[in-house]
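Asker: Dropping in data-v8.tsv, which is TSV, C-alpha atoms:
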```
chain	number	residue	atom	x	y	z
A	41	MET	CA	45.30	52.56	-48.34
A	42	LYS	CA	43.73	55.09	-50.74
A	43	TRP	CA	47.17	56.48	-51.61
A	44	ILE	CA	48.41	52.96	-52.38
A	45	PHE	CA	45.52	52.48	-54.81
A	46	LEU	CA	46.22	55.86	-56.39
A	47	GLY	CA	49.87	54.93	-56.89
A	48	PHE	CA	48.90	51.58	-58.37
A	49	PHE	CA	46.56	53.17	-60.93
A	50	TYR	CA	49.13	55.82	-61.78
A	51	LEU	CA	51.86	53.28	-62.53
A	52	SER	CA	49.47	51.08	-64.47
A	53	PHE	CA	48.36	53.88	-66.76
A	54	SER	CA	51.94	55.00	-67.23
A	55	MET	CA	53.12	51.60	-68.40
A	56	VAL	CA	50.11	51.07	-70.67
A	57	ASN	CA	50.66	54.49	-72.20
A	58	TYR	CA	54.36	53.81	-72.85
A	59	PHE	CA	54.35	50.18	-74.02
A	60	PHE	CA	51.08	49.98	-75.92
A	61	TRP	CA	50.01	53.41	-77.07
A	62	HIS	CA	53.54	54.83	-77.72
A	63	SER	CA	52.03	58.28	-77.69
A	64	THR	CA	55.23	59.82	-76.35
A	65	SER	CA	58.90	59.28	-76.97
A	66	SER	CA	59.96	58.77	-73.33
A	67	LEU	CA	58.90	56.87	-70.23
A	68	TYR	CA	59.08	60.11	-68.25
A	69	SER	CA	56.50	61.74	-70.52
A	70	SER	CA	54.26	58.69	-70.19
A	71	PHE	CA	54.26	59.11	-66.39
A	72	ILE	CA	53.22	62.76	-66.75
A	73	GLU	CA	50.42	62.01	-69.19
A	74	ALA	CA	49.03	59.19	-67.01
A	75	ILE	CA	48.37	61.39	-63.96
A	76	PRO	CA	44.92	62.78	-64.95
A	77	ALA	CA	43.52	59.41	-66.10
A	78	ALA	CA	44.76	57.52	-63.04
A	79	PHE	CA	43.43	60.12	-60.63
A	80	LEU	CA	40.02	60.21	-62.34
A	81	LEU	CA	39.62	56.43	-62.22
A	82	PHE	CA	40.70	56.44	-58.58
A	83	LEU	CA	38.00	58.98	-57.66
A	84	ILE	CA	35.33	56.99	-59.49
A	85	ILE	CA	36.19	53.76	-57.67
A	86	VAL	CA	36.30	55.50	-54.27
A	87	TRP	CA	32.92	57.12	-54.99
A	88	LEU	CA	31.34	53.81	-56.00
A	89	GLY	CA	32.86	51.78	-53.21
A	90	ASN	CA	32.01	53.88	-50.16
A	91	PRO	CA	28.70	53.07	-48.50
A	92	CYS	CA	26.25	55.80	-47.64
A	93	LYS	CA	26.34	56.79	-43.99
A	94	ASN	CA	22.58	56.49	-43.69
A	95	CYS	CA	21.61	53.39	-45.63
A	96	SER	CA	24.82	51.38	-46.08
A	97	GLU	CA	24.35	51.07	-49.85
A	98	SER	CA	26.97	52.26	-52.33
A	99	SER	CA	26.41	55.79	-53.56
A	100	THR	CA	24.91	54.58	-56.86
A	101	LYS	CA	22.23	52.49	-55.16
A	102	CYS	CA	20.72	54.81	-52.59
A	103	ALA	CA	19.40	57.75	-54.61
A	104	SER	CA	16.27	57.67	-52.48
A	105	CYS	CA	18.38	58.46	-49.46
A	106	LYS	CA	19.23	61.92	-50.85
A	107	HIS	CA	21.94	62.71	-48.36
A	108	GLY	CA	24.65	63.64	-50.80
A	109	HIS	CA	27.11	61.09	-49.46
A	110	LYS	CA	29.15	63.71	-47.66
A	111	ASN	CA	30.16	61.36	-44.90
A	112	TYR	CA	31.17	57.75	-45.38
A	113	ARG	CA	31.61	55.00	-42.86
A	114	LYS	CA	32.10	51.28	-42.89
A	115	VAL	CA	28.83	49.67	-41.87
A	116	SER	CA	29.38	46.97	-39.28
A	117	ASN	CA	28.08	43.47	-39.86
A	118	TYR	CA	24.51	43.50	-38.62
A	119	GLU	CA	24.56	39.96	-37.28
A	120	ASP	CA	27.66	40.61	-35.16
A	121	ASP	CA	26.54	43.97	-33.79
A	122	TYR	CA	25.29	43.44	-30.24
A	123	TYR	CA	23.89	46.96	-30.06
A	124	ASN	CA	21.74	46.30	-33.14
A	125	GLN	CA	20.40	43.17	-31.51
A	126	ILE	CA	19.35	45.24	-28.50
A	127	LEU	CA	17.52	47.69	-30.76
A	128	TYR	CA	15.86	44.84	-32.65
A	129	LYS	CA	14.41	43.42	-29.43
A	130	GLN	CA	13.25	46.81	-28.18
A	131	PHE	CA	11.60	47.78	-31.46
A	132	ASN	CA	9.91	44.40	-31.71
A	133	ASP	CA	8.48	44.77	-28.19
A	134	ASN	CA	7.32	48.38	-28.56
A	135	CYS	CA	6.33	48.97	-32.18
A	136	SER	CA	3.61	46.89	-33.84
A	137	ALA	CA	4.46	48.25	-37.31
A	138	PHE	CA	8.07	47.11	-36.88
A	139	LYS	CA	6.96	43.64	-35.79
A	140	ASP	CA	5.02	43.16	-39.05
A	141	LEU	CA	7.99	43.96	-41.32
A	142	SER	CA	10.18	41.42	-43.09
A	143	GLU	CA	13.54	40.63	-41.48
A	144	ASN	CA	15.39	42.62	-44.14
A	145	ASP	CA	13.16	45.69	-43.69
A	146	LYS	CA	13.68	45.48	-39.92
A	147	LYS	CA	17.43	45.78	-40.45
A	148	VAL	CA	16.85	48.77	-42.72
A	149	VAL	CA	14.69	50.45	-40.05
A	150	ILE	CA	17.43	50.02	-37.47
A	151	ARG	CA	19.95	51.69	-39.77
A	152	TYR	CA	17.57	54.55	-40.52
A	153	TRP	CA	16.76	54.97	-36.83
A	154	GLN	CA	20.42	55.25	-35.88
A	155	SER	CA	20.87	57.96	-38.54
A	156	ARG	CA	17.48	59.61	-37.82
A	157	VAL	CA	16.30	59.35	-41.44
A	158	VAL	CA	12.62	60.06	-40.74
A	159	PRO	CA	11.26	60.12	-44.35
A	160	GLU	CA	12.59	56.65	-45.07
A	161	LEU	CA	11.07	55.30	-41.87
A	162	GLU	CA	7.68	56.70	-42.87
A	163	LYS	CA	7.91	54.93	-46.24
A	164	LEU	CA	8.06	51.67	-44.29
A	165	LYS	CA	5.00	52.83	-42.29
A	166	VAL	CA	7.00	53.03	-39.09
A	167	LYS	CA	6.23	56.10	-37.00
A	168	ILE	CA	9.13	57.83	-35.36
A	169	ASP	CA	7.11	58.53	-32.22
A	170	GLU	CA	6.49	54.79	-31.74
A	171	LEU	CA	10.19	54.08	-31.93
A	172	GLY	CA	10.69	57.01	-29.60
A	173	LYS	CA	9.19	54.93	-26.81
A	174	VAL	CA	12.27	52.75	-26.94
A	175	LYS	CA	14.87	53.34	-24.27
A	176	MET	CA	17.64	55.25	-25.96
A	177	ILE	CA	19.52	56.79	-23.07
A	178	ARG	CA	23.13	55.67	-23.32
A	179	THR	CA	25.01	55.96	-20.10
A	180	GLY	CA	27.97	54.74	-18.12
A	181	VAL	CA	27.95	53.70	-14.47
A	182	PRO	CA	27.12	55.26	-12.08
A	183	TYR	CA	24.13	56.92	-13.76
A	184	LYS	CA	23.82	60.68	-13.99
A	185	PRO	CA	21.41	62.00	-11.32
A	186	GLU	CA	19.35	63.90	-13.90
A	187	GLU	CA	18.81	60.67	-15.92
A	188	MET	CA	17.82	58.42	-13.02
A	189	GLU	CA	14.07	58.96	-13.34
A	190	GLU	CA	14.10	58.33	-17.10
A	191	ILE	CA	16.19	55.18	-16.66
A	192	TYR	CA	13.83	54.02	-13.91
A	193	LEU	CA	10.82	54.46	-16.21
A	194	ASN	CA	12.21	53.36	-19.58
A	195	GLY	CA	15.56	51.71	-18.92
A	196	ALA	CA	18.80	52.49	-20.73
A	197	ILE	CA	21.69	51.06	-22.68
A	198	VAL	CA	24.70	50.91	-20.37
A	199	ASP	CA	28.15	51.29	-21.91
A	200	LEU	CA	30.29	49.04	-19.71
A	201	SER	CA	33.49	50.61	-20.97
A	202	LYS	CA	32.48	53.59	-18.81
A	203	VAL	CA	32.41	52.12	-15.32
A	204	ASN	CA	34.01	54.66	-13.04
A	205	PHE	CA	33.17	54.80	-9.35
A	206	PRO	CA	35.04	57.66	-7.60
A	207	THR	CA	35.98	55.55	-4.58
A	208	CYS	CA	37.34	52.63	-6.62
A	209	LYS	CA	41.04	52.66	-7.47
A	210	THR	CA	41.39	49.44	-9.48
A	211	LEU	CA	39.57	47.76	-12.34
A	212	LYS	CA	38.57	44.85	-10.10
A	213	GLU	CA	37.12	47.23	-7.51
A	214	ASN	CA	35.13	49.00	-10.21
A	215	MET	CA	33.69	45.73	-11.49
A	216	HIS	CA	32.78	44.62	-7.97
A	217	ALA	CA	31.03	47.95	-7.35
A	218	LEU	CA	29.24	47.57	-10.70
A	219	PHE	CA	27.35	44.45	-9.60
A	220	VAL	CA	26.45	46.01	-6.27
A	221	TYR	CA	25.17	49.10	-8.08
A	222	LEU	CA	23.16	47.13	-10.65
A	223	ARG	CA	21.51	45.07	-7.94
A	224	ASN	CA	20.70	48.03	-5.73
A	225	THR	CA	19.24	50.17	-8.53
A	226	GLY	CA	17.37	47.26	-10.08
A	227	TYR	CA	16.63	49.12	-13.33
A	228	ASN	CA	15.77	47.32	-16.55
A	229	VAL	CA	18.90	48.00	-18.59
A	230	ASP	CA	20.72	46.44	-21.52
A	231	PHE	CA	24.49	46.37	-21.85
A	232	ASP	CA	26.83	47.51	-24.60
A	233	PHE	CA	30.23	45.77	-24.50
A	234	ARG	CA	31.60	47.04	-27.82
A	235	GLU	CA	33.95	49.72	-26.49
A	236	MET	CA	35.35	47.65	-23.63
A	237	THR	CA	39.03	46.74	-23.73
A	238	TYR	CA	40.12	43.12	-23.44
A	239	GLU	CA	41.28	43.81	-19.87
A	240	GLN	CA	37.87	45.26	-18.93
A	241	LYS	CA	36.05	42.28	-20.41
A	242	VAL	CA	38.21	39.78	-18.52
A	243	ALA	CA	37.74	41.67	-15.26
A	244	LEU	CA	33.96	41.70	-15.84
A	245	LEU	CA	33.83	37.97	-16.63
A	246	LYS	CA	35.87	37.02	-13.56
A	247	GLU	CA	33.91	39.28	-11.24
A	248	TYR	CA	30.68	37.79	-12.58
A	249	LEU	CA	31.74	34.40	-11.21
A	250	ASP	CA	33.47	35.73	-8.09
A	251	THR	CA	30.80	38.09	-6.81
A	252	LYS	CA	28.25	37.09	-4.20
A	253	ILE	CA	25.73	39.38	-5.95
A	254	ASP	CA	23.07	37.35	-7.73
A	255	TYR	CA	22.70	39.16	-11.07
A	256	ASN	CA	22.09	37.25	-14.29
A	257	ILE	CA	23.67	38.63	-17.49
A	258	PRO	CA	22.88	36.05	-20.21
A	259	ILE	CA	25.67	36.97	-22.61
A	260	LEU	CA	28.27	36.50	-19.86
A	261	ASN	CA	26.95	32.96	-19.34
A	262	THR	CA	27.34	32.13	-23.02
A	263	THR	CA	30.75	33.82	-23.14
A	264	TRP	CA	32.02	31.48	-20.43
A	265	LEU	CA	30.61	28.54	-22.35
A	266	SER	CA	32.42	29.82	-25.46
A	267	ILE	CA	35.67	30.02	-23.48
A	268	LEU	CA	35.30	26.41	-22.32
A	269	TYR	CA	34.59	25.23	-25.84
A	270	ALA	CA	37.58	27.22	-27.11
A	271	CYS	CA	39.73	25.19	-24.69
A	272	LEU	CA	38.59	22.11	-26.62
A	273	GLY	CA	39.38	23.77	-29.94
A	274	GLU	CA	35.69	24.14	-30.75
A	275	LYS	CA	33.55	27.11	-31.69
A	276	ILE	CA	29.77	27.05	-31.20
A	277	SER	CA	28.27	29.73	-33.44
A	278	SER	CA	24.98	29.79	-31.54
A	279	LEU	CA	26.71	31.06	-28.39
A	280	ASP	CA	27.00	34.85	-28.10
A	281	SER	CA	30.28	36.12	-26.69
A	282	ILE	CA	31.69	39.48	-25.66
A	283	LEU	CA	35.14	38.17	-26.65
A	284	ASP	CA	36.25	37.77	-30.24
A	285	GLU	CA	38.17	34.70	-31.40
A	286	LEU	CA	41.51	36.19	-30.38
A	287	GLY	CA	40.11	37.02	-26.94
A	288	LEU	CA	38.82	33.48	-26.49
A	289	ILE	CA	42.30	32.13	-27.24
A	290	THR	CA	44.14	34.72	-25.14
A	291	ILE	CA	42.11	34.22	-21.97
A	292	GLN	CA	42.93	30.51	-21.92
A	293	ALA	CA	46.63	31.27	-21.52
A	294	ALA	CA	46.43	34.52	-19.55
A	295	GLU	CA	43.92	33.12	-17.03
A	296	PHE	CA	44.96	29.48	-17.18
A	297	LYS	CA	44.58	28.73	-13.45
A	298	TYR	CA	41.20	30.47	-13.29
A	299	VAL	CA	39.81	28.54	-16.29
A	300	GLU	CA	41.35	25.30	-15.01
A	301	LYS	CA	39.48	25.76	-11.72
A	302	ILE	CA	36.19	25.93	-13.64
A	303	TRP	CA	37.02	22.78	-15.58
A	304	GLN	CA	37.95	21.01	-12.34
A	305	PHE	CA	34.58	21.76	-10.83
A	306	LEU	CA	32.65	20.85	-14.01
A	307	VAL	CA	34.14	17.38	-14.39
A	308	SER	CA	33.54	16.72	-10.70
A	309	LEU	CA	29.80	17.36	-10.88
A	310	PRO	CA	28.89	13.73	-11.70
A	311	LEU	CA	30.33	12.76	-8.31
A	312	PHE	CA	27.80	15.03	-6.65
A	313	LEU	CA	24.97	13.21	-8.41
A	314	ILE	CA	26.34	9.88	-7.20
A	315	LYS	CA	26.65	11.15	-3.62
A	316	ARG	CA	23.02	12.27	-3.72
A	317	LEU	CA	22.04	8.59	-4.01
A	318	ASP	CA	23.18	8.18	-0.39
A	319	LEU	CA	25.23	5.04	-0.87
A	320	ASP	CA	25.99	3.92	2.66
A	321	THR	CA	28.28	1.10	1.66
A	322	PHE	CA	30.25	3.03	-0.97
A	323	GLU	CA	33.51	4.76	-0.15
A	324	SER	CA	34.70	7.40	-2.62
A	325	THR	CA	38.27	7.14	-3.86
A	326	ALA	CA	38.24	10.65	-5.36
A	327	GLU	CA	40.40	13.32	-3.75
A	328	LYS	CA	38.47	15.19	-1.10
A	329	THR	CA	38.76	18.95	-0.95
A	330	SER	CA	37.35	21.64	1.29
A	331	GLU	CA	37.99	24.41	-1.24
A	332	ASP	CA	35.05	26.58	-2.20
A	333	PHE	CA	33.53	27.28	-5.59
A	334	ASN	CA	31.21	30.25	-5.91
A	335	LEU	CA	27.92	29.12	-7.44
A	336	VAL	CA	25.92	32.36	-7.17
A	337	ASN	CA	25.97	33.23	-10.87
A	338	PHE	CA	27.46	29.93	-12.01
A	339	PHE	CA	23.99	28.43	-11.60
A	340	TYR	CA	22.89	30.45	-14.64
A	341	ILE	CA	25.65	28.83	-16.69
A	342	LEU	CA	24.59	25.37	-15.52
A	343	GLU	CA	21.12	25.99	-16.94
A	344	HIS	CA	22.49	25.72	-20.48
A	345	ALA	CA	22.25	22.41	-22.34
A	346	GLU	CA	25.91	22.76	-23.43
A	347	ILE	CA	27.05	21.99	-19.87
A	348	ASP	CA	26.11	18.34	-20.39
A	349	ASP	CA	28.31	18.19	-23.49
A	350	LEU	CA	31.23	19.94	-21.78
A	351	ILE	CA	31.16	17.58	-18.80
A	352	ASN	CA	31.26	14.57	-21.10
A	353	LYS	CA	34.12	15.97	-23.18
A	354	GLY	CA	36.24	17.14	-20.25
A	355	ALA	CA	35.77	14.20	-17.88
A	356	GLY	CA	38.53	12.07	-19.37
A	357	ASP	CA	41.30	14.65	-19.00
A	358	ILE	CA	40.93	15.94	-15.43
A	359	PRO	CA	40.48	13.72	-12.35
A	360	PRO	CA	37.38	14.69	-10.34
A	361	LYS	CA	37.44	16.05	-6.82
A	362	ASP	CA	34.94	15.57	-4.03
A	363	TYR	CA	33.97	19.11	-2.92
A	364	GLU	CA	32.90	18.21	0.61
A	365	ASN	CA	31.36	21.59	1.43
A	366	ILE	CA	29.39	21.76	-1.82
A	367	PHE	CA	28.51	18.17	-2.72
A	368	THR	CA	26.04	17.71	0.10
A	369	VAL	CA	22.55	16.28	0.29
A	370	GLU	CA	21.31	19.69	1.40
A	371	ASN	CA	22.46	21.38	-1.82
A	372	THR	CA	19.11	21.02	-3.56
A	373	ARG	CA	19.65	23.91	-5.96
A	374	LEU	CA	22.71	22.29	-7.47
A	375	PHE	CA	20.78	19.03	-7.79
A	376	GLU	CA	17.90	20.83	-9.53
A	377	ALA	CA	20.35	22.42	-11.96
A	378	LEU	CA	21.82	19.04	-12.91
A	379	LYS	CA	18.88	16.65	-12.64
A	380	ASP	CA	18.04	16.80	-16.37
A	381	CYS	CA	21.55	16.22	-17.70
A	382	SER	CA	22.25	12.90	-19.40
A	383	PHE	CA	24.63	11.71	-16.68
A	384	SER	CA	21.96	12.23	-14.02
A	385	THR	CA	19.42	10.29	-16.05
A	386	PHE	CA	21.95	7.50	-16.58
A	387	ILE	CA	22.84	7.25	-12.89
A	388	HIS	CA	19.24	7.15	-11.75
A	389	GLY	CA	18.38	4.63	-14.44
A	390	LEU	CA	20.98	2.30	-12.98
A	391	THR	CA	19.22	2.32	-9.61
A	392	ASN	CA	16.79	-0.17	-11.11
A	393	SER	CA	19.63	-2.71	-11.34
A	394	SER	CA	20.74	-4.84	-8.44
A	395	ASP	CA	22.74	-3.22	-5.62
A	396	GLU	CA	25.81	-5.26	-6.49
A	397	GLU	CA	25.74	-4.26	-10.17
A	398	PHE	CA	25.18	-0.60	-9.39
A	399	HIS	CA	27.92	-0.38	-6.75
A	400	GLU	CA	30.35	-2.08	-9.10
A	401	PHE	CA	29.56	0.46	-11.81
A	402	VAL	CA	30.09	3.43	-9.47
A	403	LYS	CA	33.34	1.97	-8.11
A	404	ASN	CA	34.70	1.52	-11.63
A	405	LEU	CA	33.62	5.01	-12.56
A	406	TYR	CA	35.55	6.55	-9.68
A	407	SER	CA	38.68	4.51	-10.29
A	408	GLU	CA	38.69	5.19	-14.05
A	409	ASN	CA	38.57	8.93	-13.51
A	410	THR	CA	40.93	9.21	-10.55
A	411	ASN	CA	43.65	7.09	-12.18
A	412	LYS	CA	43.91	9.27	-15.33
```
Would you write the structure of this file as structure tokens?

Answerer:
Amino acid sequence: MKWIFLGFFYLSFSMVNYFFWHSTSSLYSSFIEAIPAAFLLFLIIVWLGNPCKNCSESSTKCASCKHGHKNYRKVSNYEDDYYNQILYKQFNDNCSAFKDLSENDKKVVIRYWQSRVVPELEKLKVKIDELGKVKMIRTGVPYKPEEMEEIYLNGAIVDLSKVNFPTCKTLKENMHALFVYLRNTGYNVDFDFREMTYEQKVALLKEYLDTKIDYNIPILNTTWLSILYACLGEKISSLDSILDELGLITIQAAEFKYVEKIWQFLVSLPLFLIKRLDLDTFESTAEKTSEDFNLVNFFYILEHAEIDDLINKGAGDIPPKDYENIFTVENTRLFEALKDCSFSTFIHGLTNSSDEEFHEFVKNLYSENTNK
């Protein structure tokens, strides 16, 4: 890209020199004379446009940084950087001076911390030793034996692109072993998903719902919600996701049957609430199925308010099924997870009507959904 800009400036100066200044008698001579001016302007623009490695400002705006601008890098968008969000939470919990700063100064501190610019931190009255209490070990899985004690005491940031168990031969096996390992160690760790490939992220998301290991990872819950909304052509900015927009679109097609299974279960949940009313005289017309649906970590997804919205939006497109082994009176945890949704409130509100009116409503509800 830099060479393209250089060529553009070179040609521009050449043409200006030939057509406007007429300082030479030939176009060839104009090209020769334009080289120094074009190259100089190119260097100036590159120098002004590159952000400082340590403070993200352009080289004319960060004189206080005093690092000479030897190394340049593109500073990632703070709001989209999951790792920065982890640091923000840790600093806020461990450093009182950080907690008292403005939001903008907090972002500056995080940048300085990552580049170890101690003098600039001290100007903001943030002591490096206080930030030093923050868990900064970055590790893959399994953990290194020499780091186990430190991780046990202070936690760590786990790079999930580096999951490599010696006995596991496939990606799926590695992800299954990951949840077993995280549960058994029980350490307070945060996760970094930035370096994971699309394939690794999909394997992680699927294993999260398939595993029998109860282990809540909040951002995986919101990622699944984002995937379901993406199926509706919607994007909810408040939902964090480990997949970018392209990933959200790709997974719908690549894992169509898997995502469809989730939708099938979601739109069937209102039937469970109806069955909980113990209607002796009502016979369900919905298709009965003995297939299983793993709820171990799915319960954490059901805790989100967006589930109510998704059920309402998806109910008209997929006929519900009666999951006989799941939709039982004994399944109190599922009932607790759904009792505050609008459909549950509506159903239980109708119990105040006459038996005939209520049974007629439920019968119509079943037939409307099963005939679509």

Asker: Atom CA of Asn256 of chain A to atom CA of Phe296 of chain A: how many Å, to one decimal?

Answerer: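 It comes out at 24.3 Å.
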
Asker: Counting all atoms listed in the file, find residues at most 7 Å from (40.7, 39.3, -24.0) (file frame) and give them as a list in words.

Answerer: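 Residues satisfying the cut-off, written out: Tyr238, Glu239, Lys241, Val242, Leu283, Gly287, Leu288, Thr290 and Ile291 of chain A.
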
Asker: To one decimal place, how far is atom CA of Lys202 of chain A from atom CA of Tyr269 of chain A in Å?

Answerer: 29.3 Å

Asker: Interatomic distance between atom CA of Ile253 of chain A and atom CA of Phe219 of chain A?

Answerer: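 Computing the Euclidean distance for atom CA of Ile253 of chain A and atom CA of Phe219 of chain A yields 6.5 Å.
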
Asker: So which residues touch segment 350-352 of chain A within 9 Å, counting all atoms listed in the file, skipping near sequence neighbours fewer than 4 positions away, as a PyMOL selection string?

Answerer: chain A and resi 265+268-269+303+306-310+346+356+383

Asker: Between A:Leu311, A:Met188, A:Val299, A:Leu141, which has the minimum distance to Phe375 of chain A (counting only C-alpha atoms)?

Answerer: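 Closest to Phe375 of chain A, using only C-alpha atoms: A:Leu311.
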
Asker: Kindly indicate which residue among A:Ile347, A:Ala326, A:Ile257, A:Ala294 lies nearest to Asp280 of chain A, using only C-alpha atoms for the distances.

Answerer: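 Looking at the shortest contact to Asp280 of chain A, the residue is A:Ile257.
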
Asker: Between A:Thr210, A:Ser281, A:Asn224, A:Asn144, single out the one closest to Tyr255 of chain A, counting all atoms listed in the file.

Answerer: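 For Tyr255 of chain A, the nearest of the given residues is A:Asn224.
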
Asker: Please list as a ChimeraX atom specification every residue within 8 Å of segment 328-330 of chain A, counting all atoms listed in the file and excluding residues in the same chain fewer than 6 positions away.

Answerer: /A:361-365

Asker: Pick out the residues sitting within 7 Å of segment 176-187 of chain A, and hand them over as a list in words; count only C-alpha atoms, and ignore anything fewer than 5 positions along from it in its own chain.

Answerer: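 Here the qualifying residues turn out to be Ala196, Ile197, Val198, Asp199, Leu200, Lys202, Val203, Asn204 and Phe205 of chain A.
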
Asker: So which residues touch Leu211 of chain A within 8 Å, counting all atoms listed in the file, skipping near sequence neighbours fewer than 4 positions away, as a PyMOL selection string?

Answerer: chain A and resi 215+240+243

Asker: Hey, could you pull the box centre and edge lengths for segment 328-337 of chain A, axis-aligned, 4 Å padding per side, all listed atoms, to one decimal in Å, as AutoDock Vina command-line options?

Answerer:
```
--center_x 32.3 --center_y 24.2 --center_z -4.8 --size_x 20.8 --size_y 26.0 --size_z 20.2
```
